[in-house]
>>> print(open('protein21.cif').read())   # mmCIF, C-alpha atoms
data_run
loop_
_atom_site.label_atom_id
_atom_site.label_comp_id
_atom_site.auth_asym_id
_atom_site.auth_seq_id
_atom_site.Cartn_x
_atom_site.Cartn_y
_atom_site.Cartn_z
CA MET M 1 74.74 145.60 79.11
CA ARG M 2 72.27 142.74 79.43
CA TYR M 3 68.65 143.30 78.55
CA ASP M 4 65.82 141.32 80.11
CA LEU M 5 63.08 139.52 78.22
CA ASP M 6 60.40 142.14 78.97
CA PHE M 7 62.53 144.93 77.52
CA LYS M 8 63.32 142.92 74.37
CA MET M 9 59.60 142.17 73.90
CA GLN M 10 58.85 145.88 74.31
CA VAL M 11 61.43 146.72 71.61
CA ILE M 12 60.03 144.08 69.24
CA ALA M 13 56.43 145.21 69.81
CA TYR M 14 57.31 148.85 69.14
CA TYR M 15 59.24 147.92 65.97
CA ARG M 16 56.31 145.77 64.73
CA GLN M 17 54.01 148.81 64.98
CA CYS M 18 55.64 149.95 61.72
CA HIS M 19 58.48 151.91 63.31
CA SER M 20 61.97 151.76 61.81
CA SER M 21 64.83 150.20 63.71
CA HIS M 22 66.34 153.69 64.21
CA ALA M 23 63.06 155.14 65.50
CA THR M 24 62.64 152.17 67.85
CA ALA M 25 66.23 152.47 69.03
CA LYS M 26 65.87 156.20 69.68
CA LYS M 27 62.53 155.84 71.48
CA LEU M 28 63.74 152.99 73.74
CA ASN M 29 67.37 154.13 74.03
CA VAL M 30 69.00 151.02 72.57
CA ASN M 31 71.46 150.29 69.75
CA PRO M 32 69.62 149.96 66.37
CA GLU M 33 71.62 146.79 65.64
CA PHE M 34 70.07 145.16 68.71
CA VAL M 35 66.59 146.01 67.47
CA LEU M 36 67.10 144.15 64.18
CA LYS M 37 68.93 141.28 65.86
CA TRP M 38 66.17 140.71 68.42
CA VAL M 39 63.43 140.99 65.78
CA LYS M 40 65.18 138.39 63.58
CA GLN M 41 65.80 136.09 66.55
CA TYR M 42 62.17 136.38 67.61
CA GLN M 43 60.92 135.70 64.08
CA SER M 44 63.07 132.61 63.73
CA GLY M 45 62.71 131.06 67.19
CA GLY M 46 60.06 132.86 69.20
CA ILE M 47 60.49 133.87 72.82
CA ARG M 48 63.00 131.07 73.44
CA ALA M 49 65.41 132.70 70.97
CA ILE M 50 65.48 136.09 72.76
CA LYS M 51 65.41 134.83 76.33
CA PRO M 52 68.59 135.85 78.15
CA LYS M 53 70.79 132.85 78.82
CA THR M 54 71.05 131.98 82.51
CA SER M 55 74.39 130.23 82.10
CA LYS M 56 77.11 130.07 79.50
CA ALA M 57 76.11 127.63 76.78
CA LYS M 58 78.31 124.61 76.21
CA TYR M 59 78.37 123.14 72.72
CA SER M 60 79.58 119.66 71.79
CA SER M 61 82.17 119.21 69.07
CA GLU M 62 79.52 117.39 66.97
CA PHE M 63 77.16 120.37 67.29
CA LYS M 64 79.93 122.79 66.27
CA LEU M 65 80.77 120.65 63.24
CA ASN M 66 77.08 120.51 62.28
CA VAL M 67 76.86 124.32 62.48
CA LEU M 68 79.96 124.76 60.29
CA THR M 69 78.81 122.13 57.77
CA THR M 70 75.38 123.76 57.49
CA MET M 71 76.93 127.21 57.07
CA LEU M 72 79.18 126.01 54.24
CA LYS M 73 76.65 123.74 52.50
CA GLU M 74 73.83 126.29 52.56
CA ASP M 75 76.18 129.25 51.97
CA LEU M 76 74.88 131.07 55.07
CA SER M 77 76.51 134.01 56.83
CA GLN M 78 77.60 133.65 60.45
CA SER M 79 74.62 135.73 61.55
CA GLU M 80 72.20 133.57 59.59
CA VAL M 81 73.59 130.32 60.94
CA ALA M 82 73.61 131.78 64.48
CA LEU M 83 69.91 132.55 64.09
CA LYS M 84 69.19 129.10 62.67
CA PHE M 85 70.90 127.31 65.59
CA ASN M 86 69.99 129.86 68.30
CA ILE M 87 73.60 130.79 69.03
CA SER M 88 73.80 134.17 70.76
CA SER M 89 77.09 135.28 69.23
CA PRO M 90 77.94 134.93 65.52
CA ALA M 91 81.57 135.64 66.46
CA LEU M 92 81.61 132.27 68.22
CA ILE M 93 81.04 130.58 64.86
CA SER M 94 84.01 132.45 63.40
CA HIS M 95 86.14 131.17 66.28
CA TRP M 96 84.99 127.56 65.66
CA HIS M 97 85.64 127.89 61.92
CA LYS M 98 89.20 129.11 62.49
CA ALA M 99 89.88 126.35 65.06
CA TYR M 100 88.53 123.73 62.65
CA ARG M 101 90.67 125.01 59.76
CA LEU M 102 93.80 124.99 61.95
CA HIS M 103 93.32 121.80 63.97
CA GLY M 104 90.52 119.79 62.37
CA MET M 105 88.00 118.07 64.63
CA SER M 106 90.32 118.35 67.66
CA GLY M 107 90.04 122.16 67.38
CA LEU M 108 86.31 121.89 68.13
CA ILE M 109 86.75 119.98 71.40
CA SER M 110 86.25 122.23 74.43
CA LYS M 111 89.27 122.60 76.67
CA PRO M 112 88.76 122.54 80.46
CA LYS M 113 89.02 126.01 82.01
CA GLY M 114 91.11 127.01 85.01
CA ARG M 115 94.01 125.37 86.76
CA THR M 116 94.24 121.67 87.34
CA ALA M 117 94.36 120.39 90.90
CA MET M 118 97.84 119.85 92.32
CA SER M 119 98.82 116.24 92.70
CA LYS M 120 101.94 114.18 93.23
CA PRO M 121 102.29 112.83 89.70
CA PHE M 122 105.70 111.32 90.41
CA ILE M 123 104.73 109.08 93.29
CA THR M 124 102.61 106.05 92.50
CA ASP M 125 100.95 103.68 94.95
CA LYS M 126 102.76 100.64 93.51
CA PRO M 127 105.34 98.85 95.64
CA ASP M 128 108.91 99.92 94.77
CA ASP M 129 109.80 96.59 93.17
CA GLU M 130 106.88 96.97 90.69
CA LYS M 131 107.81 100.50 89.58
CA THR M 132 109.58 101.05 86.28
CA LEU M 133 112.99 102.69 86.16
CA VAL M 134 111.38 105.88 84.78
CA GLU M 135 108.85 105.96 87.65
CA LEU M 136 111.62 105.44 90.22
CA LYS M 137 113.73 108.24 88.70
CA ARG M 138 110.77 110.64 88.67
CA GLU M 139 109.94 109.81 92.27
CA LEU M 140 113.58 110.29 93.30
CA GLU M 141 113.69 113.68 91.55
CA TYR M 142 110.45 114.74 93.26
CA LEU M 143 111.62 113.61 96.70
CA ARG M 144 115.00 115.34 96.30
CA ALA M 145 113.25 118.61 95.43
CA GLU M 146 110.88 118.20 98.37
CA ASN M 147 113.84 117.47 100.69
CA ALA M 148 115.75 120.55 99.47
CA TYR M 149 112.65 122.70 100.02
CA LEU M 150 112.21 121.41 103.58
CA LYS M 151 115.91 122.03 104.38
CA LYS M 152 115.60 125.65 103.16
CA LEU M 153 112.41 126.11 105.18
CA ASP M 154 114.13 124.70 108.28
CA ALA M 155 117.15 127.01 107.79
CA LEU M 156 114.83 130.00 107.35
CA LEU M 157 112.93 129.19 110.55
CA LYS M 158 116.21 128.78 112.50
CA ALA M 159 117.49 132.13 111.15
CA GLU M 160 114.27 133.85 112.25
CA GLU M 161 114.57 132.21 115.66
CA GLN M 162 118.20 133.42 116.02
CA ALA M 163 117.20 136.93 114.95
CA GLY M 164 114.43 136.91 117.56
CA LYS M 165 116.86 135.85 120.31
CA LYS M 166 119.35 138.58 119.35
CA GLN M 167 116.62 141.26 119.49
CA GLY M 168 115.47 139.99 122.88
CA SER M 169 118.99 140.00 124.42
CA SER M 170 119.91 143.49 123.14
CA LYS M 171 116.96 145.12 124.93
CA HIS M 172 118.25 144.22 128.46
#
>>> encode(input="protein21.cif", output="structure tokens")
Amino acid sequence: MRYDLDFKMQVIAYYRQCHSSHATAKKLNVNPEFVLKWVKQYQSGGIRAIKPKTSKAKYSSEFKLNVLTTMLKEDLSQSEVALKFNISSPALISHWHKAYRLHGMSGLISKPKGRTAMSKPFITDKPDDEKTLVELKRELEYLRAENAYLKKLDALLKAEEQAGKKQGSSKH
């Protein structure tokens, strides 16, 4: 569940009136862990730190490396470094750390999401006499597959047409 800024401010204000995190959580019907998290975020970064994010944050590989370096140099926990850099999820830092250990700097580079657009990678705009042998073979393979597909489609359409004629003649 997402909580708006007004609700978080209400939780923080109630907690700061010398109520425990459990008392605050019970009174405002929220997880006690959220109470402490929001209070710490507010103390370290003010309103900006507890404001709900309007869109998913995107972090550069340099930023991720800086976060990991700071965490290791200053011997900070994931939660502490998340607070320091205003990162909403400490688990994200764990993910970056694992990716960095496994793949180095390339593990910190964001991968594009979703499917790539379909294209005809085997057909280039170059004239045939300028294409390499590999390009010509790829294009030939692509065109053969396309030709086979069109032949099957044509056969299927003819079969449907024949079936339609048979049904029409049997009704008379």
>>> residues_around(input="protein21.cif", residues="M:Lys58", least_positions_apart="4", cutoff="12 Å", atoms="all atoms listed in the file", output="CSV table (one decimal) with C-alpha atoms, keeping the file's coordinate frame")
chain,number,residue,atom,x,y,z
M,53,LYS,CA,70.8,132.8,78.8
M,62,GLU,CA,79.5,117.4,67.0
M,63,PHE,CA,77.2,120.4,67.3
M,64,LYS,CA,79.9,122.8,66.3
M,87,ILE,CA,73.6,130.8,69.0
M,88,SER,CA,73.8,134.2,70.8
M,92,LEU,CA,81.6,132.3,68.2
M,108,LEU,CA,86.3,121.9,68.1
M,109,ILE,CA,86.8,120.0,71.4
M,110,SER,CA,86.2,122.2,74.4
M,111,LYS,CA,89.3,122.6,76.7
M,112,PRO,CA,88.8,122.5,80.5
>>> atom_distance(input="protein21.cif", atom1="atom CA of M:Lys27", atom2="atom CA of M:Ala91")
28.2 Å
>>> resolve_selection(input="protein21.cif", expression="the PyMOL selection byres ((chain M and resi 37) around 12)", output="PyMOL selection string")
chain M and resi 8+11-12+15+21+25+30-36+38-44+49-50+79-80+82-83+86-90
>>> atom_distance(input="protein21.cif", atom1="atom CA of M:Met71", atom2="atom CA of M:Leu102")
17.7 Å
>>> atom_distance(input="protein21.cif", atom1="atom CA of M:Ala13", atom2="atom CA of M:Pro52")
17.5 Å
>>> resolve_selection(input="protein21.cif", expression="the PyMOL selection byres ((chain M and resi 139) around 12)", output="count of residues only")
23
>>> closest_residue(input="protein21.cif", among="M:Gly104, M:Gly168, M:Gly46, M:Pro127", to="M:Leu5", atoms="all atoms listed in the file")
M:Gly46
>>> decode(input="protein21.cif", residues="stretch 136-155 of chain M", atoms="N, CA, C and O atoms", output="short mmCIF file (atom, residue, chain, number, x, y, z; two decimals), in the first residue's frame")
data_model
loop_
_atom_site.label_atom_id
_atom_site.label_comp_id
_atom_site.auth_asym_id
_atom_site.auth_seq_id
_atom_site.Cartn_x
_atom_site.Cartn_y
_atom_site.Cartn_z
N LEU M 136 24.84 -11.27 -47.67
CA LEU M 136 24.06 -11.90 -48.74
C LEU M 136 23.44 -13.22 -48.28
O LEU M 136 22.28 -13.52 -48.58
N LYS M 137 24.22 -14.02 -47.54
CA LYS M 137 23.70 -15.30 -47.04
C LYS M 137 22.57 -15.07 -46.04
O LYS M 137 21.57 -15.79 -46.06
N ARG M 138 22.72 -14.09 -45.16
CA ARG M 138 21.67 -13.79 -44.18
C ARG M 138 20.40 -13.35 -44.88
O ARG M 138 19.30 -13.76 -44.53
N GLU M 139 20.57 -12.47 -45.88
CA GLU M 139 19.41 -11.98 -46.61
C GLU M 139 18.71 -13.12 -47.35
O GLU M 139 17.49 -13.22 -47.35
N LEU M 140 19.49 -14.00 -47.97
CA LEU M 140 18.94 -15.15 -48.67
C LEU M 140 18.15 -16.04 -47.71
O LEU M 140 17.02 -16.46 -48.00
N GLU M 141 18.71 -16.29 -46.54
CA GLU M 141 18.04 -17.12 -45.52
C GLU M 141 16.72 -16.48 -45.10
O GLU M 141 15.69 -17.14 -44.99
N TYR M 142 16.76 -15.16 -44.88
CA TYR M 142 15.55 -14.43 -44.47
C TYR M 142 14.49 -14.51 -45.57
O TYR M 142 13.32 -14.80 -45.31
N LEU M 143 14.89 -14.26 -46.81
CA LEU M 143 13.94 -14.25 -47.91
C LEU M 143 13.36 -15.64 -48.18
O LEU M 143 12.18 -15.77 -48.53
N ARG M 144 14.16 -16.67 -48.01
CA ARG M 144 13.65 -18.04 -48.17
C ARG M 144 12.59 -18.35 -47.11
O ARG M 144 11.56 -18.96 -47.42
N ALA M 145 12.85 -17.94 -45.87
CA ALA M 145 11.88 -18.16 -44.79
C ALA M 145 10.60 -17.39 -45.07
O ALA M 145 9.49 -17.91 -44.88
N GLU M 146 10.74 -16.15 -45.52
CA GLU M 146 9.58 -15.32 -45.84
C GLU M 146 8.78 -15.96 -46.99
O GLU M 146 7.55 -16.02 -46.94
N ASN M 147 9.46 -16.46 -48.00
CA ASN M 147 8.82 -17.11 -49.14
C ASN M 147 8.05 -18.36 -48.71
O ASN M 147 6.90 -18.58 -49.11
N ALA M 148 8.68 -19.17 -47.87
CA ALA M 148 8.03 -20.39 -47.37
C ALA M 148 6.77 -20.04 -46.57
O ALA M 148 5.73 -20.69 -46.71
N TYR M 149 6.86 -18.99 -45.76
CA TYR M 149 5.71 -18.54 -44.97
C TYR M 149 4.57 -18.13 -45.89
O TYR M 149 3.41 -18.52 -45.69
N LEU M 150 4.89 -17.35 -46.92
CA LEU M 150 3.86 -16.86 -47.84
C LEU M 150 3.22 -18.02 -48.61
O LEU M 150 2.00 -18.00 -48.87
N LYS M 151 4.00 -19.03 -48.99
CA LYS M 151 3.46 -20.20 -49.69
C LYS M 151 2.48 -20.95 -48.78
O LYS M 151 1.41 -21.38 -49.23
N LYS M 152 2.84 -21.11 -47.50
CA LYS M 152 1.95 -21.80 -46.55
C LYS M 152 0.67 -21.00 -46.35
O LYS M 152 -0.42 -21.57 -46.28
N LEU M 153 0.80 -19.69 -46.26
CA LEU M 153 -0.37 -18.83 -46.09
C LEU M 153 -1.29 -18.94 -47.31
O LEU M 153 -2.50 -19.08 -47.16
N ASP M 154 -0.69 -18.93 -48.50
CA ASP M 154 -1.46 -19.06 -49.73
C ASP M 154 -2.19 -20.40 -49.77
O ASP M 154 -3.38 -20.47 -50.12
N ALA M 155 -1.50 -21.49 -49.41
CA ALA M 155 -2.11 -22.83 -49.40
C ALA M 155 -3.25 -22.88 -48.41
O ALA M 155 -4.31 -23.48 -48.68
#
